[in-house]
>>> print(open('start16.json').read())   # JSON, N, CA and C atoms
[["chain", "number", "residue", "atom", "x", "y", "z"],
["A", 4, "MET", "N", 78.13, 61.13, 111.39],
["A", 4, "MET", "CA", 77.33, 61.88, 112.33],
["A", 4, "MET", "C", 77.73, 63.36, 112.21],
["A", 5, "PRO", "N", 76.75, 64.26, 112.10],
["A", 5, "PRO", "CA", 77.08, 65.68, 111.98],
["A", 5, "PRO", "C", 77.73, 66.20, 113.26],
["A", 6, "SER", "N", 78.68, 67.11, 113.07],
["A", 6, "SER", "CA", 79.32, 67.70, 114.24],
["A", 6, "SER", "C", 78.37, 68.69, 114.90],
["A", 7, "ARG", "N", 78.49, 68.83, 116.18],
["A", 7, "ARG", "CA", 77.63, 69.74, 116.93],
["A", 7, "ARG", "C", 78.44, 70.97, 117.32],
["A", 8, "PHE", "N", 77.79, 72.10, 117.33],
["A", 8, "PHE", "CA", 78.44, 73.32, 117.75],
["A", 8, "PHE", "C", 77.45, 74.12, 118.58],
["A", 9, "GLN", "N", 77.98, 75.04, 119.35],
["A", 9, "GLN", "CA", 77.15, 75.89, 120.18],
["A", 9, "GLN", "C", 77.22, 77.32, 119.68],
["A", 10, "VAL", "N", 76.11, 78.02, 119.83],
["A", 10, "VAL", "CA", 76.03, 79.42, 119.46],
["A", 10, "VAL", "C", 75.76, 80.22, 120.72],
["A", 11, "GLU", "N", 76.52, 81.27, 120.92],
["A", 11, "GLU", "CA", 76.35, 82.12, 122.09],
["A", 11, "GLU", "C", 76.05, 83.54, 121.65],
["A", 12, "LYS", "N", 74.92, 84.07, 122.09],
["A", 12, "LYS", "CA", 74.56, 85.46, 121.76],
["A", 12, "LYS", "C", 75.43, 86.39, 122.61],
["A", 13, "ILE", "N", 76.14, 87.29, 121.94],
["A", 13, "ILE", "CA", 77.01, 88.21, 122.68],
["A", 13, "ILE", "C", 76.50, 89.65, 122.64],
["A", 14, "ALA", "N", 75.65, 89.98, 121.67],
["A", 14, "ALA", "CA", 75.12, 91.34, 121.60],
["A", 14, "ALA", "C", 73.99, 91.39, 120.58],
["A", 15, "THR", "N", 73.24, 92.49, 120.60],
["A", 15, "THR", "CA", 72.20, 92.75, 119.63],
["A", 15, "THR", "C", 72.54, 94.04, 118.91],
["A", 16, "TYR", "N", 72.47, 93.99, 117.59],
["A", 16, "TYR", "CA", 72.77, 95.16, 116.77],
["A", 16, "TYR", "C", 71.51, 95.50, 115.98],
["A", 17, "ASN", "N", 70.87, 96.59, 116.32],
["A", 17, "ASN", "CA", 69.65, 97.02, 115.66],
["A", 17, "ASN", "C", 69.95, 98.15, 114.68],
["A", 18, "GLY", "N", 69.15, 98.24, 113.64],
["A", 18, "GLY", "CA", 69.34, 99.34, 112.73],
["A", 18, "GLY", "C", 68.86, 99.08, 111.33],
["A", 19, "HIS", "N", 69.09, 97.89, 110.80],
["A", 19, "HIS", "CA", 68.61, 97.58, 109.46],
["A", 19, "HIS", "C", 67.09, 97.44, 109.50],
["A", 20, "LYS", "N", 66.46, 97.79, 108.40],
["A", 20, "LYS", "CA", 65.00, 97.73, 108.32],
["A", 20, "LYS", "C", 64.53, 96.57, 107.45],
["A", 21, "ASP", "N", 65.44, 95.69, 107.08],
["A", 21, "ASP", "CA", 65.09, 94.54, 106.24],
["A", 21, "ASP", "C", 66.14, 93.45, 106.47],
["A", 22, "CYS", "N", 66.03, 92.36, 105.74],
["A", 22, "CYS", "CA", 66.92, 91.20, 105.91],
["A", 22, "CYS", "C", 68.38, 91.57, 105.70],
["A", 23, "ILE", "N", 69.25, 91.09, 106.58],
["A", 23, "ILE", "CA", 70.69, 91.26, 106.42],
["A", 23, "ILE", "C", 71.19, 90.11, 105.56],
["A", 24, "TYR", "N", 71.90, 90.46, 104.48],
["A", 24, "TYR", "CA", 72.38, 89.44, 103.55],
["A", 24, "TYR", "C", 73.84, 89.08, 103.72],
["A", 25, "THR", "N", 74.64, 89.99, 104.27],
["A", 25, "THR", "CA", 76.06, 89.67, 104.38],
["A", 25, "THR", "C", 76.72, 90.42, 105.53],
["A", 26, "LEU", "N", 77.77, 89.80, 106.06],
["A", 26, "LEU", "CA", 78.64, 90.41, 107.07],
["A", 26, "LEU", "C", 80.06, 90.33, 106.56],
["A", 27, "CYS", "N", 80.88, 91.29, 106.93],
["A", 27, "CYS", "CA", 82.26, 91.32, 106.46],
["A", 27, "CYS", "C", 83.15, 91.85, 107.57],
["A", 28, "GLN", "N", 84.29, 91.22, 107.77],
["A", 28, "GLN", "CA", 85.24, 91.67, 108.78],
["A", 28, "GLN", "C", 85.77, 93.05, 108.40],
["A", 29, "GLY", "N", 85.98, 93.90, 109.38],
["A", 29, "GLY", "CA", 86.52, 95.24, 109.16],
["A", 29, "GLY", "C", 88.03, 95.27, 109.19],
["A", 30, "PRO", "N", 88.62, 96.47, 109.09],
["A", 30, "PRO", "CA", 90.07, 96.60, 109.06],
["A", 30, "PRO", "C", 90.75, 96.30, 110.41],
["A", 31, "ARG", "N", 89.97, 96.31, 111.48],
["A", 31, "ARG", "CA", 90.48, 95.95, 112.81],
["A", 31, "ARG", "C", 89.60, 94.84, 113.37],
["A", 32, "PRO", "N", 90.13, 94.01, 114.26],
["A", 32, "PRO", "CA", 89.37, 92.85, 114.76],
["A", 32, "PRO", "C", 88.02, 93.19, 115.40],
["A", 33, "GLU", "N", 87.88, 94.38, 115.97],
["A", 33, "GLU", "CA", 86.64, 94.74, 116.66],
["A", 33, "GLU", "C", 85.59, 95.37, 115.73],
["A", 34, "LEU", "N", 85.93, 95.55, 114.46],
["A", 34, "LEU", "CA", 85.00, 96.17, 113.51],
["A", 34, "LEU", "C", 84.46, 95.16, 112.50],
["A", 35, "PHE", "N", 83.19, 95.33, 112.12],
["A", 35, "PHE", "CA", 82.63, 94.54, 111.04],
["A", 35, "PHE", "C", 81.57, 95.36, 110.31],
["A", 36, "PHE", "N", 81.22, 94.93, 109.12],
["A", 36, "PHE", "CA", 80.24, 95.61, 108.29],
["A", 36, "PHE", "C", 79.07, 94.68, 108.03],
["A", 37, "SER", "N", 77.89, 95.27, 107.88],
["A", 37, "SER", "CA", 76.71, 94.50, 107.48],
["A", 37, "SER", "C", 76.06, 95.21, 106.29],
["A", 38, "ALA", "N", 75.41, 94.41, 105.46],
["A", 38, "ALA", "CA", 74.68, 94.95, 104.31],
["A", 38, "ALA", "C", 73.36, 94.20, 104.19],
["A", 39, "ALA", "N", 72.33, 94.91, 103.71],
["A", 39, "ALA", "CA", 71.00, 94.34, 103.79],
["A", 39, "ALA", "C", 70.12, 94.70, 102.60],
["A", 40, "ALA", "N", 68.90, 94.16, 102.64],
["A", 40, "ALA", "CA", 67.91, 94.43, 101.61],
["A", 40, "ALA", "C", 67.44, 95.87, 101.63],
["A", 41, "ASP", "N", 67.68, 96.57, 102.73],
["A", 41, "ASP", "CA", 67.28, 97.98, 102.82],
["A", 41, "ASP", "C", 68.25, 98.91, 102.10],
["A", 42, "GLY", "N", 69.31, 98.35, 101.49],
["A", 42, "GLY", "CA", 70.28, 99.14, 100.73],
["A", 42, "GLY", "C", 71.34, 99.81, 101.58],
["A", 43, "MET", "N", 71.36, 99.52, 102.86],
["A", 43, "MET", "CA", 72.34, 100.16, 103.74],
["A", 43, "MET", "C", 73.54, 99.26, 104.00],
["A", 44, "VAL", "N", 74.72, 99.88, 104.05],
["A", 44, "VAL", "CA", 75.94, 99.24, 104.52],
["A", 44, "VAL", "C", 76.31, 99.98, 105.80],
["A", 45, "VAL", "N", 76.46, 99.23, 106.88],
["A", 45, "VAL", "CA", 76.69, 99.82, 108.19],
["A", 45, "VAL", "C", 77.96, 99.25, 108.81],
["A", 46, "ALA", "N", 78.77, 100.12, 109.42],
["A", 46, "ALA", "CA", 79.97, 99.70, 110.15],
["A", 46, "ALA", "C", 79.59, 99.57, 111.63],
["A", 47, "TRP", "N", 80.05, 98.49, 112.25],
["A", 47, "TRP", "CA", 79.75, 98.21, 113.66],
["A", 47, "TRP", "C", 81.04, 97.98, 114.43],
["A", 48, "ASN", "N", 81.01, 98.30, 115.71],
["A", 48, "ASN", "CA", 82.13, 98.07, 116.61],
["A", 48, "ASN", "C", 81.65, 97.11, 117.70],
["A", 49, "LEU", "N", 82.35, 96.01, 117.88],
["A", 49, "LEU", "CA", 81.94, 95.01, 118.88],
["A", 49, "LEU", "C", 81.87, 95.57, 120.29],
["A", 50, "SER", "N", 82.64, 96.61, 120.58],
["A", 50, "SER", "CA", 82.65, 97.17, 121.94],
["A", 50, "SER", "C", 81.48, 98.11, 122.20],
["A", 51, "THR", "N", 80.77, 98.54, 121.14],
["A", 51, "THR", "CA", 79.62, 99.43, 121.33],
["A", 51, "THR", "C", 78.43, 98.93, 120.52],
["A", 52, "PRO", "N", 77.80, 97.83, 120.96],
["A", 52, "PRO", "CA", 76.66, 97.29, 120.24],
["A", 52, "PRO", "C", 75.56, 98.34, 120.09],
["A", 53, "ASP", "N", 74.83, 98.23, 119.02],
["A", 53, "ASP", "CA", 73.67, 99.07, 118.72],
["A", 53, "ASP", "C", 74.02, 100.50, 118.36],
["A", 54, "ILE", "N", 75.30, 100.77, 118.10],
["A", 54, "ILE", "CA", 75.70, 102.09, 117.61],
["A", 54, "ILE", "C", 76.46, 101.87, 116.31],
["A", 55, "GLY", "N", 75.72, 101.83, 115.21],
["A", 55, "GLY", "CA", 76.33, 101.62, 113.91],
["A", 55, "GLY", "C", 76.54, 102.93, 113.18],
["A", 56, "GLU", "N", 77.46, 102.91, 112.22],
["A", 56, "GLU", "CA", 77.73, 104.09, 111.40],
["A", 56, "GLU", "C", 77.36, 103.76, 109.96],
["A", 57, "LEU", "N", 76.43, 104.52, 109.40],
["A", 57, "LEU", "CA", 76.01, 104.32, 108.02],
["A", 57, "LEU", "C", 77.18, 104.66, 107.11],
["A", 58, "VAL", "N", 77.59, 103.69, 106.29],
["A", 58, "VAL", "CA", 78.71, 103.86, 105.37],
["A", 58, "VAL", "C", 78.21, 104.18, 103.97],
["A", 59, "ALA", "N", 77.12, 103.53, 103.56],
["A", 59, "ALA", "CA", 76.56, 103.74, 102.22],
["A", 59, "ALA", "C", 75.08, 103.43, 102.23],
["A", 60, "LYS", "N", 74.34, 104.11, 101.35],
["A", 60, "LYS", "CA", 72.92, 103.84, 101.16],
["A", 60, "LYS", "C", 72.64, 103.87, 99.67],
["A", 61, "VAL", "N", 72.11, 102.75, 99.16],
["A", 61, "VAL", "CA", 71.78, 102.65, 97.74],
["A", 61, "VAL", "C", 70.30, 102.29, 97.59],
["A", 62, "LYS", "N", 69.78, 102.39, 96.37],
["A", 62, "LYS", "CA", 68.36, 102.14, 96.14],
["A", 62, "LYS", "C", 67.98, 100.67, 96.22],
["A", 63, "ASN", "N", 68.93, 99.78, 95.93],
["A", 63, "ASN", "CA", 68.62, 98.34, 95.87],
["A", 63, "ASN", "C", 69.29, 97.59, 97.01],
["A", 64, "SER", "N", 68.96, 96.32, 97.11],
["A", 64, "SER", "CA", 69.57, 95.45, 98.12],
["A", 64, "SER", "C", 71.06, 95.31, 97.89],
["A", 65, "VAL", "N", 71.79, 95.09, 98.97],
["A", 65, "VAL", "CA", 73.24, 94.81, 98.89],
["A", 65, "VAL", "C", 73.42, 93.36, 99.32],
["A", 66, "TYR", "N", 73.94, 92.54, 98.40],
["A", 66, "TYR", "CA", 74.06, 91.10, 98.65],
["A", 66, "TYR", "C", 75.45, 90.64, 99.01],
["A", 67, "ALA", "N", 76.47, 91.46, 98.75],
["A", 67, "ALA", "CA", 77.84, 91.02, 99.00],
["A", 67, "ALA", "C", 78.70, 92.21, 99.38],
["A", 68, "LEU", "N", 79.72, 91.94, 100.18],
["A", 68, "LEU", "CA", 80.73, 92.93, 100.58],
["A", 68, "LEU", "C", 82.09, 92.30, 100.44],
["A", 69, "TYR", "N", 83.10, 93.13, 100.22],
["A", 69, "TYR", "CA", 84.47, 92.64, 100.20],
["A", 69, "TYR", "C", 85.35, 93.67, 100.83]]
>>> encode(input="start16.json", output="structure tokens")
Amino acid sequence: MPSRFQVEKIATYNGHKDCIYTLCQGPRPELFFSAAADGMVVAWNLSTPDIGELVAKVKNSVYALY
């Protein structure tokens, strides 16, 4: 039998203009990065939803972060 889990929405982060392909933990527990088909890599802080900092912008999609 598959295990069941619950998902709880804690915040909304707006800013990307296309599909988000990856998320990556930041250097501190409250920070994370997102990358998307719009070519943007954005840094986010869990304590300030919807205020992201553009880290990089490239011409093509970004599929992975490390």
>>> residues_around(input="start16.json", residues="A:Glu33", least_positions_apart="2", cutoff="5 Å", atoms="all atoms listed in the file", output="list of chain:residue names")
A:Arg31, A:Phe35, A:Asn48, A:Leu49
>>> axis_aligned_box(input="start16.json", around="stretch 4-22 of chain A", padding_each_side="4 Å", output="AutoDock Vina command-line options")
--center_x 71.9 --center_y 80.2 --center_z 114.2 --size_x 22.8 --size_y 46.2 --size_z 25.0
>>> select_by_dssp(input="start16.json", residues="chain A", states="strand (DSSP E or B)", output="JSON, numbers by chain")
{"A": [23, 24, 25, 26, 27, 28, 34, 35, 36, 37, 38, 39, 43, 44, 45, 46, 47, 48, 56, 57, 58, 59, 60]}
>>> atom_distance(input="start16.json", atom1="atom C of A:Glu56", atom2="atom C of A:Lys12")
21.6 Å
>>> closest_residue(input="start16.json", among="A:Ile54, A:Ser6, A:Gln28, A:Met43", to="A:Tyr66", atoms="only C-alpha atoms")
A:Met43
>>> atom_distance(input="start16.json", atom1="atom CA of A:Ala46", atom2="atom CA of A:Gly18")
10.9 Å
>>> atom_distance(input="start16.json", atom1="atom CA of A:Val58", atom2="atom CA of A:Cys22")
17.3 Å
>>> decode(input="start16.json", residues="chain A", atoms="C-alpha atoms", output="PDB file, in the first residue's frame")
ATOM      1  CA  MET A   4       0.000   0.000   0.000  1.00  0.00           C
ATOM      2  CA  PRO A   5       1.476   3.410  -0.917  1.00  0.00           C
ATOM      3  CA  SER A   6       2.374   5.651   1.978  1.00  0.00           C
ATOM      4  CA  ARG A   7       0.312   8.786   2.397  1.00  0.00           C
ATOM      5  CA  PHE A   8       1.705  12.212   3.081  1.00  0.00           C
ATOM      6  CA  GLN A   9       0.281  15.664   3.535  1.00  0.00           C
ATOM      7  CA  VAL A  10       1.297  18.851   1.780  1.00  0.00           C
ATOM      8  CA  GLU A  11       0.895  22.199   3.492  1.00  0.00           C
ATOM      9  CA  LYS A  12       1.137  25.468   1.570  1.00  0.00           C
ATOM     10  CA  ILE A  13       3.287  27.867   3.580  1.00  0.00           C
ATOM     11  CA  ALA A  14       3.844  30.698   1.084  1.00  0.00           C
ATOM     12  CA  THR A  15       3.601  31.828  -2.521  1.00  0.00           C
ATOM     13  CA  TYR A  16       6.684  32.916  -4.427  1.00  0.00           C
ATOM     14  CA  ASN A  17       5.939  34.806  -7.647  1.00  0.00           C
ATOM     15  CA  GLY A  18       8.429  35.945 -10.205  1.00  0.00           C
ATOM     16  CA  HIS A  19       9.299  33.307 -12.775  1.00  0.00           C
ATOM     17  CA  LYS A  20       7.592  33.695 -16.125  1.00  0.00           C
ATOM     18  CA  ASP A  21       7.743  30.013 -17.102  1.00  0.00           C
ATOM     19  CA  CYS A  22       7.939  26.503 -15.609  1.00  0.00           C
ATOM     20  CA  ILE A  23      10.231  26.051 -12.612  1.00  0.00           C
ATOM     21  CA  TYR A  24      12.487  23.051 -13.188  1.00  0.00           C
ATOM     22  CA  THR A  25      14.578  22.883 -10.042  1.00  0.00           C
ATOM     23  CA  LEU A  26      14.949  24.049  -6.446  1.00  0.00           C
ATOM     24  CA  CYS A  27      18.157  23.998  -4.437  1.00  0.00           C
ATOM     25  CA  GLN A  28      18.889  24.603  -0.763  1.00  0.00           C
ATOM     26  CA  GLY A  29      20.872  27.771  -0.057  1.00  0.00           C
ATOM     27  CA  PRO A  30      23.885  28.330   2.202  1.00  0.00           C
ATOM     28  CA  ARG A  31      21.588  28.997   5.191  1.00  0.00           C
ATOM     29  CA  PRO A  32      18.437  27.048   6.165  1.00  0.00           C
ATOM     30  CA  GLU A  33      16.105  29.955   5.327  1.00  0.00           C
ATOM     31  CA  LEU A  34      17.484  30.448   1.788  1.00  0.00           C
ATOM     32  CA  PHE A  35      16.774  28.510  -1.399  1.00  0.00           C
ATOM     33  CA  PHE A  36      17.252  28.954  -5.132  1.00  0.00           C
ATOM     34  CA  SER A  37      14.920  28.298  -8.048  1.00  0.00           C
ATOM     35  CA  ALA A  38      15.674  27.954 -11.745  1.00  0.00           C
ATOM     36  CA  ALA A  39      13.241  27.879 -14.621  1.00  0.00           C
ATOM     37  CA  ALA A  40      12.515  27.750 -18.331  1.00  0.00           C
ATOM     38  CA  ASP A  41      12.672  31.554 -18.391  1.00  0.00           C
ATOM     39  CA  GLY A  42      16.465  31.323 -17.886  1.00  0.00           C
ATOM     40  CA  MET A  43      16.388  32.956 -14.467  1.00  0.00           C
ATOM     41  CA  VAL A  44      18.028  31.732 -11.265  1.00  0.00           C
ATOM     42  CA  VAL A  45      16.473  33.428  -8.250  1.00  0.00           C
ATOM     43  CA  ALA A  46      17.450  33.411  -4.559  1.00  0.00           C
ATOM     44  CA  TRP A  47      14.559  33.329  -2.076  1.00  0.00           C
ATOM     45  CA  ASN A  48      14.292  33.815   1.679  1.00  0.00           C
ATOM     46  CA  LEU A  49      11.602  31.850   3.525  1.00  0.00           C
ATOM     47  CA  SER A  50      11.001  34.790   5.879  1.00  0.00           C
ATOM     48  CA  THR A  51      10.160  37.200   3.028  1.00  0.00           C
ATOM     49  CA  PRO A  52       7.995  35.398   0.458  1.00  0.00           C
ATOM     50  CA  ASP A  53       7.565  37.027  -2.937  1.00  0.00           C
ATOM     51  CA  ILE A  54      10.795  39.035  -2.675  1.00  0.00           C
ATOM     52  CA  GLY A  55      13.347  37.171  -4.748  1.00  0.00           C
ATOM     53  CA  GLU A  56      16.799  38.292  -5.836  1.00  0.00           C
ATOM     54  CA  LEU A  57      17.814  37.611  -9.428  1.00  0.00           C
ATOM     55  CA  VAL A  58      21.145  35.761  -9.316  1.00  0.00           C
ATOM     56  CA  ALA A  59      21.583  34.926 -13.011  1.00  0.00           C
ATOM     57  CA  LYS A  60      19.782  35.309 -16.335  1.00  0.00           C
ATOM     58  CA  VAL A  61      20.686  33.209 -19.373  1.00  0.00           C
ATOM     59  CA  LYS A  62      19.149  32.798 -22.831  1.00  0.00           C
ATOM     60  CA  ASN A  63      18.051  29.176 -22.341  1.00  0.00           C
ATOM     61  CA  SER A  64      16.212  27.147 -19.735  1.00  0.00           C
ATOM     62  CA  VAL A  65      18.003  26.168 -16.523  1.00  0.00           C
ATOM     63  CA  TYR A  66      17.315  22.526 -15.638  1.00  0.00           C
ATOM     64  CA  ALA A  67      19.653  21.888 -12.713  1.00  0.00           C
ATOM     65  CA  LEU A  68      21.380  23.668  -9.822  1.00  0.00           C
ATOM     66  CA  TYR A  69      24.065  22.579  -7.415  1.00  0.00           C
TER      67      TYR A  69
END
